[in-house]
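Chemist: data37.cif is reproduced below (mmCIF, C-alpha atoms).
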data_entry
loop_
_atom_site.group_PDB
_atom_site.id
_atom_site.type_symbol
_atom_site.label_atom_id
_atom_site.label_comp_id
_atom_site.auth_asym_id
_atom_site.auth_seq_id
_atom_site.Cartn_x
_atom_site.Cartn_y
_atom_site.Cartn_z
ATOM 1 C CA MET A 11 -18.423 16.550 8.545
ATOM 2 C CA LYS A 12 -15.641 17.946 10.730
ATOM 3 C CA GLU A 13 -12.282 18.262 8.971
ATOM 4 C CA MET A 14 -9.413 16.375 10.535
ATOM 5 C CA THR A 15 -6.285 18.209 11.612
ATOM 6 C CA ILE A 16 -3.018 16.986 10.149
ATOM 7 C CA GLU A 17 -2.165 15.438 13.527
ATOM 8 C CA GLU A 18 -5.440 13.487 13.535
ATOM 9 C CA LEU A 19 -4.876 12.481 9.925
ATOM 10 C CA VAL A 20 -1.388 11.158 10.673
ATOM 11 C CA LEU A 21 -2.633 9.228 13.714
ATOM 12 C CA GLU A 22 -5.530 7.770 11.719
ATOM 13 C CA TYR A 23 -3.743 6.693 8.541
ATOM 14 C CA SER A 24 0.034 6.513 9.052
ATOM 15 C CA SER A 25 0.065 2.904 10.256
ATOM 16 C CA MET A 26 -2.040 1.670 7.336
ATOM 17 C CA LEU A 27 0.027 3.643 4.796
ATOM 18 C CA PHE A 28 3.257 2.365 6.331
ATOM 19 C CA LYS A 29 2.098 -1.257 6.023
ATOM 20 C CA ILE A 30 1.133 -0.758 2.381
ATOM 21 C CA CYS A 31 4.496 0.852 1.666
ATOM 22 C CA MET A 32 6.400 -1.929 3.469
ATOM 23 C CA VAL A 33 4.659 -4.561 1.376
ATOM 24 C CA ILE A 34 5.443 -2.726 -1.854
ATOM 25 C CA LEU A 35 8.985 -1.605 -1.056
ATOM 26 C CA GLY A 36 10.294 -4.148 1.431
ATOM 27 C CA ASN A 37 12.442 -1.439 3.011
ATOM 28 C CA GLU A 38 11.572 0.252 6.302
ATOM 29 C CA GLN A 39 13.375 3.531 5.649
ATOM 30 C CA ASP A 40 11.922 3.854 2.161
ATOM 31 C CA ALA A 41 8.435 3.096 3.498
ATOM 32 C CA GLN A 42 8.799 5.773 6.193
ATOM 33 C CA ASP A 43 10.031 8.267 3.602
ATOM 34 C CA VAL A 44 7.074 7.617 1.295
ATOM 35 C CA VAL A 45 4.560 7.942 4.151
ATOM 36 C CA GLN A 46 6.165 11.223 5.206
ATOM 37 C CA GLU A 47 6.163 12.466 1.612
ATOM 38 C CA THR A 48 2.492 11.510 1.298
ATOM 39 C CA PHE A 49 1.554 13.711 4.249
ATOM 40 C CA CYS A 50 3.782 16.518 2.956
ATOM 41 C CA ARG A 51 1.916 16.432 -0.359
ATOM 42 C CA TYR A 52 -1.364 16.506 1.549
ATOM 43 C CA ILE A 53 -0.248 19.644 3.405
ATOM 44 C CA GLU A 54 1.145 21.320 0.266
ATOM 45 C CA ARG A 55 -1.847 20.630 -1.939
ATOM 46 C CA SER A 56 -4.636 20.677 0.686
ATOM 47 C CA PRO A 57 -7.047 18.973 -1.730
ATOM 48 C CA ASP A 58 -10.829 19.084 -1.372
ATOM 49 C CA PHE A 59 -12.434 15.746 -0.608
ATOM 50 C CA HIS A 60 -15.965 14.383 -0.820
ATOM 51 C CA GLY A 61 -15.741 12.589 2.514
ATOM 52 C CA ARG A 62 -13.327 10.568 4.614
ATOM 53 C CA GLU A 63 -13.208 7.598 2.240
ATOM 54 C CA HIS A 64 -12.240 9.885 -0.646
ATOM 55 C CA GLU A 65 -9.518 11.400 1.533
ATOM 56 C CA LYS A 66 -8.276 7.923 2.532
ATOM 57 C CA ALA A 67 -8.302 6.770 -1.100
ATOM 58 C CA TRP A 68 -6.272 9.839 -2.104
ATOM 59 C CA LEU A 69 -3.673 9.110 0.582
ATOM 60 C CA ILE A 70 -3.422 5.463 -0.507
ATOM 61 C CA LYS A 71 -3.043 6.447 -4.148
ATOM 62 C CA VAL A 72 -0.345 9.040 -3.401
ATOM 63 C CA ALA A 73 1.538 6.583 -1.152
ATOM 64 C CA THR A 74 1.263 3.763 -3.703
ATOM 65 C CA ASN A 75 2.474 6.018 -6.517
ATOM 66 C CA GLY A 76 5.322 7.218 -4.311
ATOM 67 C CA CYS A 77 6.324 3.609 -3.659
ATOM 68 C CA LEU A 78 6.253 2.753 -7.329
ATOM 69 C CA ASP A 79 8.329 5.837 -8.175
ATOM 70 C CA LEU A 80 10.849 5.020 -5.458
ATOM 71 C CA HIS A 81 10.877 1.348 -6.376
ATOM 72 C CA ARG A 82 12.027 2.231 -9.883
ATOM 73 C CA HIS A 83 14.980 4.191 -8.483
ATOM 74 C CA ARG A 84 16.034 2.180 -5.441
ATOM 75 C CA LYS A 85 18.471 -0.225 -7.050
ATOM 76 C CA ARG A 86 21.211 1.341 -4.953
ATOM 77 C CA HIS A 87 19.306 0.586 -1.690
ATOM 78 C CA PRO A 88 19.475 -2.879 -0.142
ATOM 79 C CA ASP A 89 16.220 -4.705 0.557
ATOM 80 C CA THR A 90 15.058 -5.449 4.077
ATOM 81 C CA SER A 91 14.989 -9.098 5.003
ATOM 82 C CA ILE A 92 11.713 -10.999 5.214
ATOM 83 C CA GLU A 93 12.249 -11.265 8.988
ATOM 84 C CA ASP A 94 12.304 -7.473 9.312
ATOM 85 C CA ILE A 95 9.104 -7.114 7.311
ATOM 86 C CA THR A 96 7.245 -9.806 9.255
ATOM 87 C CA ALA A 97 8.033 -7.885 12.442
ATOM 88 C CA TYR A 98 5.406 -5.381 11.273
ATOM 89 C CA CYS A 99 2.743 -8.023 10.703
ATOM 90 C CA GLU A 100 -0.002 -8.508 13.191
ATOM 91 C CA LEU A 101 0.436 -12.301 12.891
ATOM 92 C CA PRO A 102 4.199 -12.892 12.572
ATOM 93 C CA GLU A 103 3.640 -16.656 12.517
ATOM 94 C CA ARG A 104 2.164 -16.158 9.039
ATOM 95 C CA SER A 105 5.452 -14.908 7.639
ATOM 96 C CA ASP A 106 5.104 -17.410 4.789
ATOM 97 C CA ILE A 107 2.158 -15.399 3.460
ATOM 98 C CA VAL A 108 4.036 -12.117 3.808
ATOM 99 C CA GLU A 109 7.076 -13.582 2.062
ATOM 100 C CA ALA A 110 4.951 -14.810 -0.853
ATOM 101 C CA LEU A 111 3.142 -11.459 -1.056
ATOM 102 C CA ILE A 112 6.403 -9.519 -1.184
ATOM 103 C CA LYS A 113 7.655 -11.629 -4.084
ATOM 104 C CA LEU A 114 4.647 -10.707 -6.244
ATOM 105 C CA PRO A 115 5.000 -8.011 -8.920
ATOM 106 C CA ASP A 116 4.041 -4.546 -7.627
ATOM 107 C CA LYS A 117 0.803 -4.374 -9.631
ATOM 108 C CA LEU A 118 -0.390 -7.631 -8.100
ATOM 109 C CA LYS A 119 0.802 -7.105 -4.534
ATOM 110 C CA THR A 120 -0.915 -3.721 -4.270
ATOM 111 C CA VAL A 121 -4.376 -5.034 -5.193
ATOM 112 C CA ILE A 122 -3.900 -8.223 -3.153
ATOM 113 C CA TYR A 123 -2.904 -6.170 -0.106
ATOM 114 C CA LEU A 124 -5.719 -3.649 -0.451
ATOM 115 C CA HIS A 125 -8.338 -6.363 -1.011
ATOM 116 C CA TYR A 126 -7.319 -9.069 1.441
ATOM 117 C CA ILE A 127 -5.479 -7.126 4.142
ATOM 118 C CA GLU A 128 -7.259 -3.753 4.136
ATOM 119 C CA GLY A 129 -10.636 -5.199 3.058
ATOM 120 C CA TYR A 130 -11.417 -2.951 0.105
ATOM 121 C CA LYS A 131 -13.884 -4.008 -2.586
ATOM 122 C CA THR A 132 -12.702 -4.239 -6.188
ATOM 123 C CA ALA A 133 -14.563 -1.079 -7.218
ATOM 124 C CA GLU A 134 -12.926 0.887 -4.397
ATOM 125 C CA ILE A 135 -9.476 -0.369 -5.404
ATOM 126 C CA ALA A 136 -10.164 0.536 -9.027
ATOM 127 C CA ASP A 137 -11.009 4.094 -7.956
ATOM 128 C CA MET A 138 -7.933 4.364 -5.722
ATOM 129 C CA LEU A 139 -5.496 3.099 -8.323
ATOM 130 C CA ASP A 140 -7.282 4.721 -11.265
ATOM 131 C CA ILE A 141 -7.674 1.447 -13.142
ATOM 132 C CA SER A 142 -10.742 -0.427 -14.370
ATOM 133 C CA ASN A 143 -12.718 -2.767 -12.144
ATOM 134 C CA SER A 144 -11.925 -5.628 -14.527
ATOM 135 C CA ALA A 145 -8.189 -4.832 -14.241
ATOM 136 C CA VAL A 146 -8.460 -5.136 -10.452
ATOM 137 C CA LYS A 147 -10.267 -8.472 -10.779
ATOM 138 C CA LYS A 148 -7.665 -9.767 -13.230
ATOM 139 C CA ARG A 149 -4.800 -8.680 -10.966
ATOM 140 C CA LEU A 150 -6.496 -10.377 -8.000
ATOM 141 C CA GLN A 151 -6.851 -13.543 -10.070
ATOM 142 C CA ARG A 152 -3.207 -13.459 -11.190
ATOM 143 C CA GLY A 153 -2.071 -12.677 -7.650
ATOM 144 C CA ARG A 154 -4.002 -15.634 -6.215
ATOM 145 C CA GLU A 155 -2.549 -17.897 -8.927
ATOM 146 C CA ALA A 156 0.977 -16.682 -8.185
ATOM 147 C CA LEU A 157 0.474 -17.198 -4.454
ATOM 148 C CA ARG A 158 -0.857 -20.724 -5.078
ATOM 149 C CA LEU A 159 2.167 -21.535 -7.222
ATOM 150 C CA SER A 160 4.611 -20.179 -4.637
ATOM 151 C CA SER A 161 2.965 -22.222 -1.861
ATOM 152 C CA LYS A 162 3.596 -25.416 -3.850
ATOM 153 C CA GLU A 163 7.324 -24.768 -4.175
#
Any chance you could put this one into structure tokens?
Modeler:
Amino acid sequence: MKEMTIEELVLEYSSMLFKICMVILGNEQDAQDVVQETFCRYIERSPDFHGREHEKAWLIKVATNGCLDLHRHRKRHPDTSIEDITAYCELPERSDIVEALIKLPDKLKTVIYLHYIEGYKTAEIADMLDISNSAVKKRLQRGREALRLSSKE
């Protein structure tokens, strides 16, 4: 397998990482910062991977952890409006879904996003987030319940 250059890596994964970060953080500048920091860590650490999916999972995990770290410390930063976030969605007319997703707790929104938007299986998400498969399933269940409740409001 041919190794990707950093330029190829950024072109391949930056959009996906940015979308994940936007969903978690709800702030465009913060999301851009976390994506940039993710690639900086990749360059600094130059980890060995067992294939492209392992590399992708590592990037997602680093970006997600970066979002969670930043989220804990961003009280001084204002949130982006729902309208700004939906501008990044491929189907802006479904802003109601995006709005409900953003309101979920971080643990739930990450697994919901990775499963339903990015199409990962529960076992893959468990590996990426370093949690058990049953924890992923439970978070998916709780996320679906929370989304159902918010749609009834």
Chemist: Quick one: residues within 7 Å of region 38-50 of chain A, all atoms listed in the file, excluding same-chain residues fewer than 3 positions away - as an MDAnalysis selection string?
Modeler: chainID A and resid 24 27:28 31:32 35 53:54 69 72:73 76:77
Chemist: Selection in question (the file shown): the PyMOL selection byres ((chain A and resi 148-151) around 9). Which residues does it include, as an mmCIF file with C-alpha atoms, keeping the file's coordinate frame?
Modeler:
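Saved as out.cif:
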data_model
loop_
_atom_site.group_PDB
_atom_site.id
_atom_site.type_symbol
_atom_site.label_atom_id
_atom_site.label_comp_id
_atom_site.auth_asym_id
_atom_site.auth_seq_id
_atom_site.Cartn_x
_atom_site.Cartn_y
_atom_site.Cartn_z
ATOM 1 C CA LYS A 117 0.803 -4.374 -9.631
ATOM 2 C CA LEU A 118 -0.390 -7.631 -8.100
ATOM 3 C CA LYS A 119 0.802 -7.105 -4.534
ATOM 4 C CA VAL A 121 -4.376 -5.034 -5.193
ATOM 5 C CA ILE A 122 -3.900 -8.223 -3.153
ATOM 6 C CA HIS A 125 -8.338 -6.363 -1.011
ATOM 7 C CA THR A 132 -12.702 -4.239 -6.188
ATOM 8 C CA ASN A 143 -12.718 -2.767 -12.144
ATOM 9 C CA SER A 144 -11.925 -5.628 -14.527
ATOM 10 C CA ALA A 145 -8.189 -4.832 -14.241
ATOM 11 C CA VAL A 146 -8.460 -5.136 -10.452
ATOM 12 C CA LYS A 147 -10.267 -8.472 -10.779
ATOM 13 C CA ARG A 152 -3.207 -13.459 -11.190
ATOM 14 C CA GLY A 153 -2.071 -12.677 -7.650
ATOM 15 C CA ARG A 154 -4.002 -15.634 -6.215
ATOM 16 C CA GLU A 155 -2.549 -17.897 -8.927
ATOM 17 C CA ALA A 156 0.977 -16.682 -8.185
#
Chemist: So how many Å separate CA of Ile34 (chain A) and CA of Ala67 (chain A), to one decimal?
Modeler: 16.7 Å
Chemist: At what distance in Å, to one decimal, does CA of Glu17 (chain A) lie from CA of Asp58 (chain A)?
Modeler: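 We find that CA of Asp58 (chain A) and CA of Glu17 (chain A) lie 17.6 Å from each other.
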Chemist: If you measure from CA of Glu109 (chain A) to CA of Tyr23 (chain A), what distance in Å do you get, rounded to one decimal?
Modeler: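 Spanning CA of Glu109 (chain A) to CA of Tyr23 (chain A) is a straight-line distance of 23.9 Å.
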Chemist: Just checking: using only C-alpha atoms, which residue out of A:Lys66, A:His60, A:Arg55, A:Lys29 ends up closest to Tyr130 (chain A)?
Modeler: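 Looking only at the distances to Tyr130 (chain A), the closest residue turns out to be A:Lys66.
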Chemist: Would you mind telling me which residue in A:Leu21, A:Met26, A:Asp116, A:Glu134 lies nearest to Asn75 (chain A) when using only C-alpha atoms?
Modeler: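 Once distances to Asn75 (chain A) are computed over only C-alpha atoms, the minimum belongs to A:Asp116.
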Chemist: Would you write out, as a ChimeraX atom specification, every residue that the PyMOL selection byres ((chain A and resi 14) around 12) captures in this file?
Modeler: /A:11-13,15-23,56,59,61-62,65-66
